[in-house]
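Below is query_9.pdb, holding PDB, C-alpha atoms, pLDDT in the B column.
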```
ATOM      1  CA  MET A   1      62.623  32.872   5.443  1.00 42.00           C
ATOM      2  CA  ARG A   2      64.540  29.868   6.798  1.00 41.00           C
ATOM      3  CA  ASN A   3      65.190  26.843   4.600  1.00 42.00           C
ATOM      4  CA  LEU A   4      64.356  23.542   6.247  1.00 41.00           C
ATOM      5  CA  PRO A   5      65.796  20.116   5.438  1.00 42.00           C
ATOM      6  CA  GLY A   6      64.059  18.733   2.372  1.00 40.00           C
ATOM      7  CA  ASP A   7      62.908  22.114   1.026  1.00 39.00           C
ATOM      8  CA  ARG A   8      65.303  21.931  -1.919  1.00 35.00           C
ATOM      9  CA  LEU A   9      64.134  18.409  -2.681  1.00 36.00           C
ATOM     10  CA  CYS A  10      60.472  19.388  -2.636  1.00 37.00           C
ATOM     11  CA  ALA A  11      61.096  22.516  -4.684  1.00 35.00           C
ATOM     12  CA  SER A  12      62.929  20.576  -7.363  1.00 34.00           C
ATOM     13  CA  LEU A  13      60.275  17.846  -7.417  1.00 37.00           C
ATOM     14  CA  ALA A  14      57.398  20.289  -7.583  1.00 39.00           C
ATOM     15  CA  GLY A  15      59.107  22.176 -10.399  1.00 40.00           C
ATOM     16  CA  GLY A  16      56.999  25.241  -9.767  1.00 38.00           C
ATOM     17  CA  PRO A  17      58.072  28.762  -8.922  1.00 36.00           C
ATOM     18  CA  ARG A  18      58.664  29.633  -5.287  1.00 35.00           C
ATOM     19  CA  ILE A  19      56.352  32.142  -3.621  1.00 35.00           C
ATOM     20  CA  LEU A  20      58.437  35.146  -2.652  1.00 32.00           C
ATOM     21  CA  SER A  21      57.709  37.126   0.464  1.00 33.00           C
ATOM     22  CA  ALA A  22      57.015  40.837   0.299  1.00 36.00           C
ATOM     23  CA  GLN A  23      60.321  41.616   1.982  1.00 38.00           C
ATOM     24  CA  SER A  24      62.407  39.515  -0.367  1.00 37.00           C
ATOM     25  CA  CYS A  25      60.894  41.453  -3.285  1.00 39.00           C
ATOM     26  CA  GLY A  26      61.618  44.801  -1.669  1.00 38.00           C
ATOM     27  CA  PHE A  27      57.955  45.703  -1.065  1.00 34.00           C
ATOM     28  CA  GLY A  28      58.077  45.295   2.731  1.00 39.00           C
ATOM     29  CA  SER A  29      57.741  49.008   3.436  1.00 37.00           C
ATOM     30  CA  VAL A  30      54.981  49.489   0.850  1.00 33.00           C
ATOM     31  CA  LEU A  31      52.664  46.810   2.152  1.00 33.00           C
ATOM     32  CA  GLY A  32      50.825  47.420   5.387  1.00 40.00           C
ATOM     33  CA  SER A  33      50.989  44.851   8.152  1.00 41.00           C
ATOM     34  CA  GLY A  34      47.562  43.502   7.184  1.00 39.00           C
ATOM     35  CA  LEU A  35      48.584  42.885   3.598  1.00 36.00           C
ATOM     36  CA  GLU A  36      51.867  41.390   4.767  1.00 47.00           C
ATOM     37  CA  ASP A  37      49.975  38.938   7.001  1.00 43.00           C
ATOM     38  CA  LEU A  38      47.764  38.032   4.041  1.00 35.00           C
ATOM     39  CA  ALA A  39      50.857  37.445   1.897  1.00 41.00           C
ATOM     40  CA  LYS A  40      52.367  35.231   4.608  1.00 45.00           C
ATOM     41  CA  SER A  41      49.194  33.149   4.923  1.00 42.00           C
ATOM     42  CA  ALA A  42      49.034  32.751   1.133  1.00 43.00           C
ATOM     43  CA  GLN A  43      52.675  31.670   1.167  1.00 47.00           C
ATOM     44  CA  PHE A  44      51.964  29.162   3.949  1.00 42.00           C
ATOM     45  CA  SER A  45      48.976  27.790   2.037  1.00 45.00           C
ATOM     46  CA  SER A  46      51.052  27.482  -1.116  1.00 51.00           C
ATOM     47  CA  ARG A  47      53.918  25.754   0.718  1.00 55.00           C
ATOM     48  CA  PHE A  48      51.414  23.371   2.338  1.00 50.00           C
ATOM     49  CA  LYS A  49      50.078  22.424  -1.111  1.00 58.00           C
ATOM     50  CA  GLU A  50      53.635  22.147  -2.460  1.00 64.00           C
ATOM     51  CA  ASN A  51      54.581  19.891   0.460  1.00 70.00           C
ATOM     52  CA  GLY A  52      51.546  17.683  -0.239  1.00 76.00           C
ATOM     53  CA  ARG A  53      52.508  17.386  -3.906  1.00 84.00           C
ATOM     54  CA  CYS A  54      56.064  16.598  -2.911  1.00 84.00           C
ATOM     55  CA  ILE A  55      54.968  13.804  -0.581  1.00 88.00           C
ATOM     56  CA  THR A  56      52.637  12.395  -3.250  1.00 90.00           C
ATOM     57  CA  LYS A  57      55.424  12.377  -5.836  1.00 91.00           C
ATOM     58  CA  LEU A  58      57.818  10.699  -3.425  1.00 91.00           C
ATOM     59  CA  GLU A  59      55.223   8.055  -2.603  1.00 94.00           C
ATOM     60  CA  ASN A  60      54.529   7.409  -6.292  1.00 94.00           C
ATOM     61  CA  MET A  61      58.257   7.064  -6.993  1.00 94.00           C
ATOM     62  CA  GLY A  62      58.526   4.589  -4.117  1.00 94.00           C
ATOM     63  CA  PHE A  63      55.578   2.653  -5.526  1.00 96.00           C
ATOM     64  CA  ARG A  64      57.303   2.178  -8.898  1.00 96.00           C
ATOM     65  CA  VAL A  65      60.617   1.237  -7.267  1.00 95.00           C
ATOM     66  CA  GLY A  66      58.836  -1.227  -4.959  1.00 95.00           C
ATOM     67  CA  GLN A  67      57.168  -2.898  -7.920  1.00 95.00           C
ATOM     68  CA  GLY A  68      60.492  -3.327  -9.700  1.00 95.00           C
ATOM     69  CA  LEU A  69      62.359  -4.583  -6.651  1.00 95.00           C
ATOM     70  CA  ILE A  70      59.726  -7.177  -5.787  1.00 95.00           C
ATOM     71  CA  GLU A  71      59.807  -8.495  -9.343  1.00 93.00           C
ATOM     72  CA  ARG A  72      63.557  -8.970  -9.044  1.00 93.00           C
ATOM     73  CA  PHE A  73      63.548 -10.422  -5.526  1.00 91.00           C
ATOM     74  CA  THR A  74      60.761 -12.956  -6.048  1.00 92.00           C
ATOM     75  CA  LYS A  75      61.704 -14.375  -9.437  1.00 90.00           C
ATOM     76  CA  ASP A  76      63.421 -17.382  -7.830  1.00 88.00           C
ATOM     77  CA  THR A  77      61.143 -17.878  -4.810  1.00 86.00           C
ATOM     78  CA  ALA A  78      58.223 -20.243  -4.382  1.00 88.00           C
ATOM     79  CA  ARG A  79      54.662 -18.931  -4.284  1.00 90.00           C
ATOM     80  CA  PHE A  80      53.473 -17.487  -0.996  1.00 91.00           C
ATOM     81  CA  LYS A  81      50.765 -19.352   0.932  1.00 91.00           C
ATOM     82  CA  ASP A  82      48.897 -16.368   2.286  1.00 92.00           C
ATOM     83  CA  GLU A  83      48.984 -12.695   3.238  1.00 92.00           C
ATOM     84  CA  LEU A  84      50.982 -13.340   6.402  1.00 93.00           C
ATOM     85  CA  ASP A  85      53.691 -15.143   4.414  1.00 94.00           C
ATOM     86  CA  ILE A  86      53.954 -12.144   2.104  1.00 95.00           C
ATOM     87  CA  MET A  87      54.242  -9.745   5.029  1.00 95.00           C
ATOM     88  CA  LYS A  88      56.962 -11.908   6.588  1.00 95.00           C
ATOM     89  CA  PHE A  89      58.832 -11.799   3.280  1.00 95.00           C
ATOM     90  CA  ILE A  90      58.542  -7.986   3.234  1.00 95.00           C
ATOM     91  CA  CYS A  91      59.817  -7.740   6.831  1.00 94.00           C
ATOM     92  CA  LYS A  92      62.713 -10.142   6.466  1.00 94.00           C
ATOM     93  CA  ASP A  93      64.031 -10.476   2.921  1.00 93.00           C
ATOM     94  CA  PHE A  94      62.779  -7.290   1.250  1.00 95.00           C
ATOM     95  CA  TRP A  95      63.631  -4.999   4.188  1.00 95.00           C
ATOM     96  CA  THR A  96      67.040  -6.613   4.649  1.00 94.00           C
ATOM     97  CA  THR A  97      67.928  -6.142   0.993  1.00 93.00           C
ATOM     98  CA  VAL A  98      66.795  -2.514   0.917  1.00 93.00           C
ATOM     99  CA  PHE A  99      67.759  -1.257   4.396  1.00 92.00           C
ATOM    100  CA  LYS A 100      70.412  -3.798   5.497  1.00 93.00           C
ATOM    101  CA  LYS A 101      68.380  -4.940   8.521  1.00 93.00           C
ATOM    102  CA  GLN A 102      65.113  -6.718   9.283  1.00 95.00           C
ATOM    103  CA  ILE A 103      61.998  -5.048  10.618  1.00 96.00           C
ATOM    104  CA  ASP A 104      62.184  -5.120  14.415  1.00 95.00           C
ATOM    105  CA  ASN A 105      58.557  -6.041  15.021  1.00 95.00           C
ATOM    106  CA  LEU A 106      55.589  -7.232  12.943  1.00 96.00           C
ATOM    107  CA  ARG A 107      52.132  -7.210  14.476  1.00 96.00           C
ATOM    108  CA  THR A 108      48.764  -8.068  13.032  1.00 94.00           C
ATOM    109  CA  ASN A 109      45.156  -8.237  14.133  1.00 93.00           C
ATOM    110  CA  HIS A 110      44.529 -11.068  11.619  1.00 89.00           C
ATOM    111  CA  GLN A 111      41.879  -8.889   9.956  1.00 91.00           C
ATOM    112  CA  GLY A 112      44.029  -7.201   7.333  1.00 90.00           C
ATOM    113  CA  ILE A 113      45.973  -4.692   9.422  1.00 95.00           C
ATOM    114  CA  TYR A 114      49.724  -5.099   9.913  1.00 97.00           C
ATOM    115  CA  VAL A 115      52.094  -2.850  11.843  1.00 96.00           C
ATOM    116  CA  LEU A 116      55.777  -2.951  10.908  1.00 96.00           C
ATOM    117  CA  GLN A 117      58.058  -1.331  13.468  1.00 95.00           C
ATOM    118  CA  ASP A 118      61.636  -0.283  12.785  1.00 94.00           C
ATOM    119  CA  ASN A 119      63.411   1.080  15.869  1.00 92.00           C
ATOM    120  CA  LYS A 120      66.394   2.472  13.947  1.00 91.00           C
ATOM    121  CA  PHE A 121      65.055   3.383  10.521  1.00 90.00           C
ATOM    122  CA  ARG A 122      68.058   4.152   8.319  1.00 87.00           C
ATOM    123  CA  LEU A 123      66.554   7.187   6.597  1.00 85.00           C
ATOM    124  CA  LEU A 124      65.896   8.860   9.956  1.00 86.00           C
ATOM    125  CA  THR A 125      69.077   7.958  11.841  1.00 82.00           C
ATOM    126  CA  GLN A 126      71.035  10.875  10.365  1.00 78.00           C
ATOM    127  CA  MET A 127      68.473  13.365  11.644  1.00 75.00           C
ATOM    128  CA  SER A 128      68.457  14.717  15.160  1.00 66.00           C
ATOM    129  CA  SER A 129      66.891  12.468  17.757  1.00 63.00           C
ATOM    130  CA  GLY A 130      65.068  15.482  19.197  1.00 64.00           C
ATOM    131  CA  LYS A 131      61.629  16.689  18.192  1.00 69.00           C
ATOM    132  CA  GLN A 132      62.839  19.592  16.030  1.00 72.00           C
ATOM    133  CA  TYR A 133      62.691  17.624  12.743  1.00 76.00           C
ATOM    134  CA  LEU A 134      59.729  15.423  13.658  1.00 79.00           C
ATOM    135  CA  GLU A 135      57.386  17.356  11.358  1.00 76.00           C
ATOM    136  CA  HIS A 136      59.735  16.791   8.390  1.00 77.00           C
ATOM    137  CA  ALA A 137      59.942  13.033   8.896  1.00 81.00           C
ATOM    138  CA  SER A 138      56.918  12.474   6.632  1.00 79.00           C
ATOM    139  CA  LYS A 139      58.995  13.548   3.623  1.00 80.00           C
ATOM    140  CA  TYR A 140      61.502  10.828   4.401  1.00 82.00           C
ATOM    141  CA  LEU A 141      58.852   8.187   5.033  1.00 91.00           C
ATOM    142  CA  ALA A 142      56.659   8.846   1.982  1.00 93.00           C
ATOM    143  CA  PHE A 143      59.048   7.059  -0.369  1.00 93.00           C
ATOM    144  CA  THR A 144      59.179   4.027   1.936  1.00 94.00           C
ATOM    145  CA  CYS A 145      55.379   3.888   2.209  1.00 96.00           C
ATOM    146  CA  GLY A 146      55.257   3.775  -1.584  1.00 96.00           C
ATOM    147  CA  LEU A 147      57.996   1.133  -1.623  1.00 96.00           C
ATOM    148  CA  ILE A 148      55.929  -1.157   0.611  1.00 97.00           C
ATOM    149  CA  ARG A 149      52.689  -0.452  -1.257  1.00 97.00           C
ATOM    150  CA  GLY A 150      54.333  -1.085  -4.664  1.00 96.00           C
ATOM    151  CA  GLY A 151      55.897  -4.340  -3.496  1.00 96.00           C
ATOM    152  CA  LEU A 152      52.613  -5.594  -2.101  1.00 96.00           C
ATOM    153  CA  SER A 153      50.808  -4.500  -5.262  1.00 95.00           C
ATOM    154  CA  ASN A 154      53.050  -6.673  -7.429  1.00 94.00           C
ATOM    155  CA  LEU A 155      52.386  -9.580  -5.092  1.00 94.00           C
ATOM    156  CA  GLY A 156      48.646  -9.166  -5.645  1.00 93.00           C
ATOM    157  CA  ILE A 157      47.769  -7.242  -2.490  1.00 94.00           C
ATOM    158  CA  LYS A 158      46.117  -3.853  -2.717  1.00 96.00           C
ATOM    159  CA  SER A 159      46.897  -1.828   0.395  1.00 96.00           C
ATOM    160  CA  ILE A 160      47.061   1.545   2.092  1.00 96.00           C
ATOM    161  CA  VAL A 161      50.350   2.237   3.860  1.00 96.00           C
ATOM    162  CA  THR A 162      50.822   5.009   6.410  1.00 95.00           C
ATOM    163  CA  ALA A 163      53.794   5.896   8.577  1.00 94.00           C
ATOM    164  CA  GLU A 164      54.037   7.288  12.075  1.00 92.00           C
ATOM    165  CA  VAL A 165      56.996   8.663  14.004  1.00 89.00           C
ATOM    166  CA  SER A 166      56.663   9.300  17.709  1.00 83.00           C
ATOM    167  CA  SER A 167      60.364   9.478  18.542  1.00 82.00           C
ATOM    168  CA  MET A 168      63.206   9.473  16.057  1.00 83.00           C
ATOM    169  CA  PRO A 169      64.678   7.328  14.535  1.00 86.00           C
ATOM    170  CA  ALA A 170      61.947   4.772  15.365  1.00 89.00           C
ATOM    171  CA  CYS A 171      58.924   4.576  13.087  1.00 92.00           C
ATOM    172  CA  LYS A 172      55.892   2.408  12.467  1.00 95.00           C
ATOM    173  CA  PHE A 173      54.356   1.571   9.113  1.00 96.00           C
ATOM    174  CA  GLN A 174      50.698   0.569   9.176  1.00 96.00           C
ATOM    175  CA  VAL A 175      49.565  -1.583   6.264  1.00 97.00           C
ATOM    176  CA  MET A 176      45.816  -1.880   5.736  1.00 96.00           C
ATOM    177  CA  ILE A 177      44.959  -4.608   3.235  1.00 95.00           C
ATOM    178  CA  GLN A 178      42.124  -3.668   0.877  1.00 92.00           C
ATOM    179  CA  LYS A 179      39.814  -6.626   0.336  1.00 84.00           C
ATOM    180  CA  LEU A 180      38.606  -6.981  -3.249  1.00 72.00           C
TER     181      LEU A 180
END
```
How does this structure look as structure tokens?
Amino acid sequence: MRNLPGDRLCASLAGGPRILSAQSCGFGSVLGSGLEDLAKSAQFSSRFKENGRCITKLENMGFRVGQGLIERFTKDTARFKDELDIMKFICKDFWTTVFKKQIDNLRTNHQGIYVLQDNKFRLLTQMSSGKQYLEHASKYLAFTCGLIRGGLSNLGIKSIVTAEVSSMPACKFQVMIQKL
């Protein structure tokens, strides 16, 4: 079984025992190929659930950090006029303080959906620019989605934040404002 980037992080966050394969336990010759396939599918299912829990925990940690950072960053600023002003603050001031650069592009449909595009996202720049780690990018973006959602939450905006990576290290964060 090959370890992938982020596996140690997810394992330590999940805190649960790892599922061992039949071969790592020394039962490879005892189990038939059918039972071995069943064990592999159970392991895959368990890792999928573990990965989901890991992403949820990362997003929740980002949420709490985002709440705290926004409190600190906005204590000396004037009130925001509207949603768009808040999103501009997130893209310029908040992003610059956290990631040392502004968001490259902010788009909106003026109906509560904003797309923030970062062409050189700092958490993805160290990874290969090929497609081999594309599936693992969600682990690195979950915290940031929570960061945005937590910051907006403390500014009075309930939202759903998702991330998308089509080519590394560029990524897009979609913010859907939840109307109360």
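Of the listed residues A:Glu83, A:Asp93, A:Tyr140, A:Gln102, the one whose atoms come nearest to Met127 (chain A) is A:Tyr140, with distances taken using all atoms listed in the file.
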>> Could you list, as a PyMOL selection string, every residue within 7 Å of region 152-163 of chain A, counting all atoms listed in the file and ignoring same-chain residues fewer than 3 positions away?
In response: chain A and resi 67+70+141+145+148-149+171-178
> Which distance in Å separates CA of Gly150 (chain A) and CA of Asn119 (chain A), to one decimal?
Replying inline: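 It comes out at 22.6 Å.
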> Could you state the separation of CA of Gly146 (chain A) and CA of Asp76 (chain A) in Å, given to one decimal place?
Replying inline: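 Pair CA of Gly146 (chain A) / CA of Asp76 (chain A) returns 23.5 Å.
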>> Restricting the calculation to only C-alpha atoms: of A:Lys139, A:Gly62, A:Gly151, A:Leu134, which residue gets closest to Phe89 (chain A)?
In response: A:Gly151
> With all atoms listed in the file as the atoms that count, which of A:Glu135, A:Asp104, A:Thr74, A:Glu164 lies nearest to Lys92 (chain A)?
Replying inline: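 That would be A:Asp104, the residue with the smallest distance to Lys92 (chain A).
Among A:Met87, A:Pro169, A:Trp95, A:Phe143, the residue with the shortest atom-to-atom distance to Arg107 (chain A), counting all atoms listed in the file, is A:Met87.
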>> Using Å and a single decimal, report how far CA of Cys54 (chain A) sits from CA of Thr125 (chain A).
In response: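 Spanning CA of Thr125 (chain A) to CA of Cys54 (chain A) is a straight-line distance of 21.5 Å.
Each of A:Asn109, A:Ser166, A:Ser138, A:Thr144 was checked against Arg122 (chain A) using only C-alpha atoms; the smallest atom-to-atom distance is that of A:Thr144.
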> With only C-alpha atoms as the basis for distance, which of A:His136, A:Lys101, A:Leu147, A:Ile90 is at the shortest distance from Met61 (chain A)?
Replying inline: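 Going through A:His136, A:Lys101, A:Leu147, A:Ile90 one by one, the smallest distance to Met61 (chain A) is for A:Leu147.
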>> Quick check on the file I pasted: which residues fall under the PyMOL selection byres ((chain A and resi 57) around 10)? Write them as number ranges by chain.
In response: A: 10, 13-14, 51-56, 58-63, 142-143, 146
>> Can you pull out the residues contacting Leu84 (chain A)? Cut-off 9 Å, using all atoms listed in the file, and skip same-chain residues under 4 positions away; I want them as a list in words.
In response: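 Close residues of Leu84 (chain A): Phe80, Lys88, Phe89, Thr108 and His110 of chain A.
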Could I get region 156-176 of chain A from the block written out with N, CA, C and O atoms, as an mmCIF file, in the first residue's frame?
```cif
data_model
loop_
_atom_site.group_PDB
_atom_site.id
_atom_site.type_symbol
_atom_site.label_atom_id
_atom_site.label_comp_id
_atom_site.auth_asym_id
_atom_site.auth_seq_id
_atom_site.Cartn_x
_atom_site.Cartn_y
_atom_site.Cartn_z
ATOM 1 N N GLY A 156 -21.532 38.459 9.265
ATOM 2 C CA GLY A 156 -22.979 38.391 9.140
ATOM 3 C C GLY A 156 -23.493 37.758 7.864
ATOM 4 O O GLY A 156 -24.664 37.915 7.524
ATOM 5 N N ILE A 157 -22.636 37.045 7.148
ATOM 6 C CA ILE A 157 -23.057 36.418 5.896
ATOM 7 C C ILE A 157 -22.931 34.903 6.016
ATOM 8 O O ILE A 157 -21.835 34.379 6.201
ATOM 9 N N LYS A 158 -24.060 34.233 5.901
ATOM 10 C CA LYS A 158 -24.057 32.776 5.900
ATOM 11 C C LYS A 158 -23.807 32.328 4.460
ATOM 12 O O LYS A 158 -24.449 32.821 3.537
ATOM 13 N N SER A 159 -22.877 31.391 4.283
ATOM 14 C CA SER A 159 -22.508 31.012 2.919
ATOM 15 C C SER A 159 -22.108 29.546 2.821
ATOM 16 O O SER A 159 -21.865 28.882 3.822
ATOM 17 N N ILE A 160 -22.034 29.085 1.590
ATOM 18 C CA ILE A 160 -21.491 27.773 1.258
ATOM 19 C C ILE A 160 -20.299 28.049 0.346
ATOM 20 O O ILE A 160 -20.431 28.751 -0.648
ATOM 21 N N VAL A 161 -19.139 27.509 0.712
ATOM 22 C CA VAL A 161 -17.928 27.753 -0.057
ATOM 23 C C VAL A 161 -17.405 26.428 -0.595
ATOM 24 O O VAL A 161 -17.230 25.469 0.156
ATOM 25 N N THR A 162 -17.189 26.374 -1.895
ATOM 26 C CA THR A 162 -16.612 25.184 -2.522
ATOM 27 C C THR A 162 -15.377 25.598 -3.304
ATOM 28 O O THR A 162 -15.236 26.751 -3.683
ATOM 29 N N ALA A 163 -14.495 24.641 -3.537
ATOM 30 C CA ALA A 163 -13.268 24.922 -4.274
ATOM 31 C C ALA A 163 -13.158 23.985 -5.462
ATOM 32 O O ALA A 163 -13.652 22.863 -5.432
ATOM 33 N N GLU A 164 -12.488 24.474 -6.485
ATOM 34 C CA GLU A 164 -12.313 23.690 -7.709
ATOM 35 C C GLU A 164 -10.904 23.927 -8.240
ATOM 36 O O GLU A 164 -10.425 25.057 -8.259
ATOM 37 N N VAL A 165 -10.251 22.844 -8.625
ATOM 38 C CA VAL A 165 -8.921 22.942 -9.227
ATOM 39 C C VAL A 165 -8.967 22.234 -10.566
ATOM 40 O O VAL A 165 -9.277 21.051 -10.634
ATOM 41 N N SER A 166 -8.685 22.980 -11.629
ATOM 42 C CA SER A 166 -8.640 22.348 -12.943
ATOM 43 C C SER A 166 -7.196 22.130 -13.376
ATOM 44 O O SER A 166 -6.875 21.137 -14.005
ATOM 45 N N SER A 167 -6.325 23.066 -13.033
ATOM 46 C CA SER A 167 -4.895 22.885 -13.275
ATOM 47 C C SER A 167 -4.142 23.554 -12.134
ATOM 48 O O SER A 167 -4.462 24.673 -11.748
ATOM 49 N N MET A 168 -3.171 22.857 -11.602
ATOM 50 C CA MET A 168 -2.455 23.358 -10.434
ATOM 51 C C MET A 168 -1.451 24.418 -10.845
ATOM 52 O O MET A 168 -0.936 24.336 -11.934
ATOM 53 N N PRO A 169 -1.142 25.393 -10.071
ATOM 54 C CA PRO A 169 -1.626 25.700 -8.729
ATOM 55 C C PRO A 169 -2.817 26.666 -8.715
ATOM 56 O O PRO A 169 -3.124 27.254 -7.701
ATOM 57 N N ALA A 170 -3.496 26.830 -9.850
ATOM 58 C CA ALA A 170 -4.658 27.722 -9.915
ATOM 59 C C ALA A 170 -5.876 27.049 -9.296
ATOM 60 O O ALA A 170 -6.067 25.842 -9.424
ATOM 61 N N CYS A 171 -6.694 27.836 -8.614
ATOM 62 C CA CYS A 171 -7.935 27.292 -8.060
ATOM 63 C C CYS A 171 -8.994 28.384 -8.007
ATOM 64 O O CYS A 171 -8.691 29.571 -8.050
ATOM 65 N N LYS A 172 -10.230 27.939 -7.933
ATOM 66 C CA LYS A 172 -11.376 28.839 -7.848
ATOM 67 C C LYS A 172 -12.186 28.470 -6.611
ATOM 68 O O LYS A 172 -12.432 27.288 -6.351
ATOM 69 N N PHE A 173 -12.592 29.484 -5.875
ATOM 70 C CA PHE A 173 -13.466 29.289 -4.728
ATOM 71 C C PHE A 173 -14.818 29.894 -5.089
ATOM 72 O O PHE A 173 -14.888 31.065 -5.457
ATOM 73 N N GLN A 174 -15.861 29.099 -4.992
ATOM 74 C CA GLN A 174 -17.208 29.591 -5.278
ATOM 75 C C GLN A 174 -17.916 29.831 -3.953
ATOM 76 O O GLN A 174 -18.018 28.920 -3.129
ATOM 77 N N VAL A 175 -18.392 31.035 -3.764
ATOM 78 C CA VAL A 175 -19.097 31.419 -2.543
ATOM 79 C C VAL A 175 -20.551 31.650 -2.893
ATOM 80 O O VAL A 175 -20.867 32.531 -3.687
ATOM 81 N N MET A 176 -21.426 30.841 -2.316
ATOM 82 C CA MET A 176 -22.871 30.997 -2.519
ATOM 83 C C MET A 176 -23.463 31.562 -1.230
ATOM 84 O O MET A 176 -23.430 30.915 -0.180
#
```
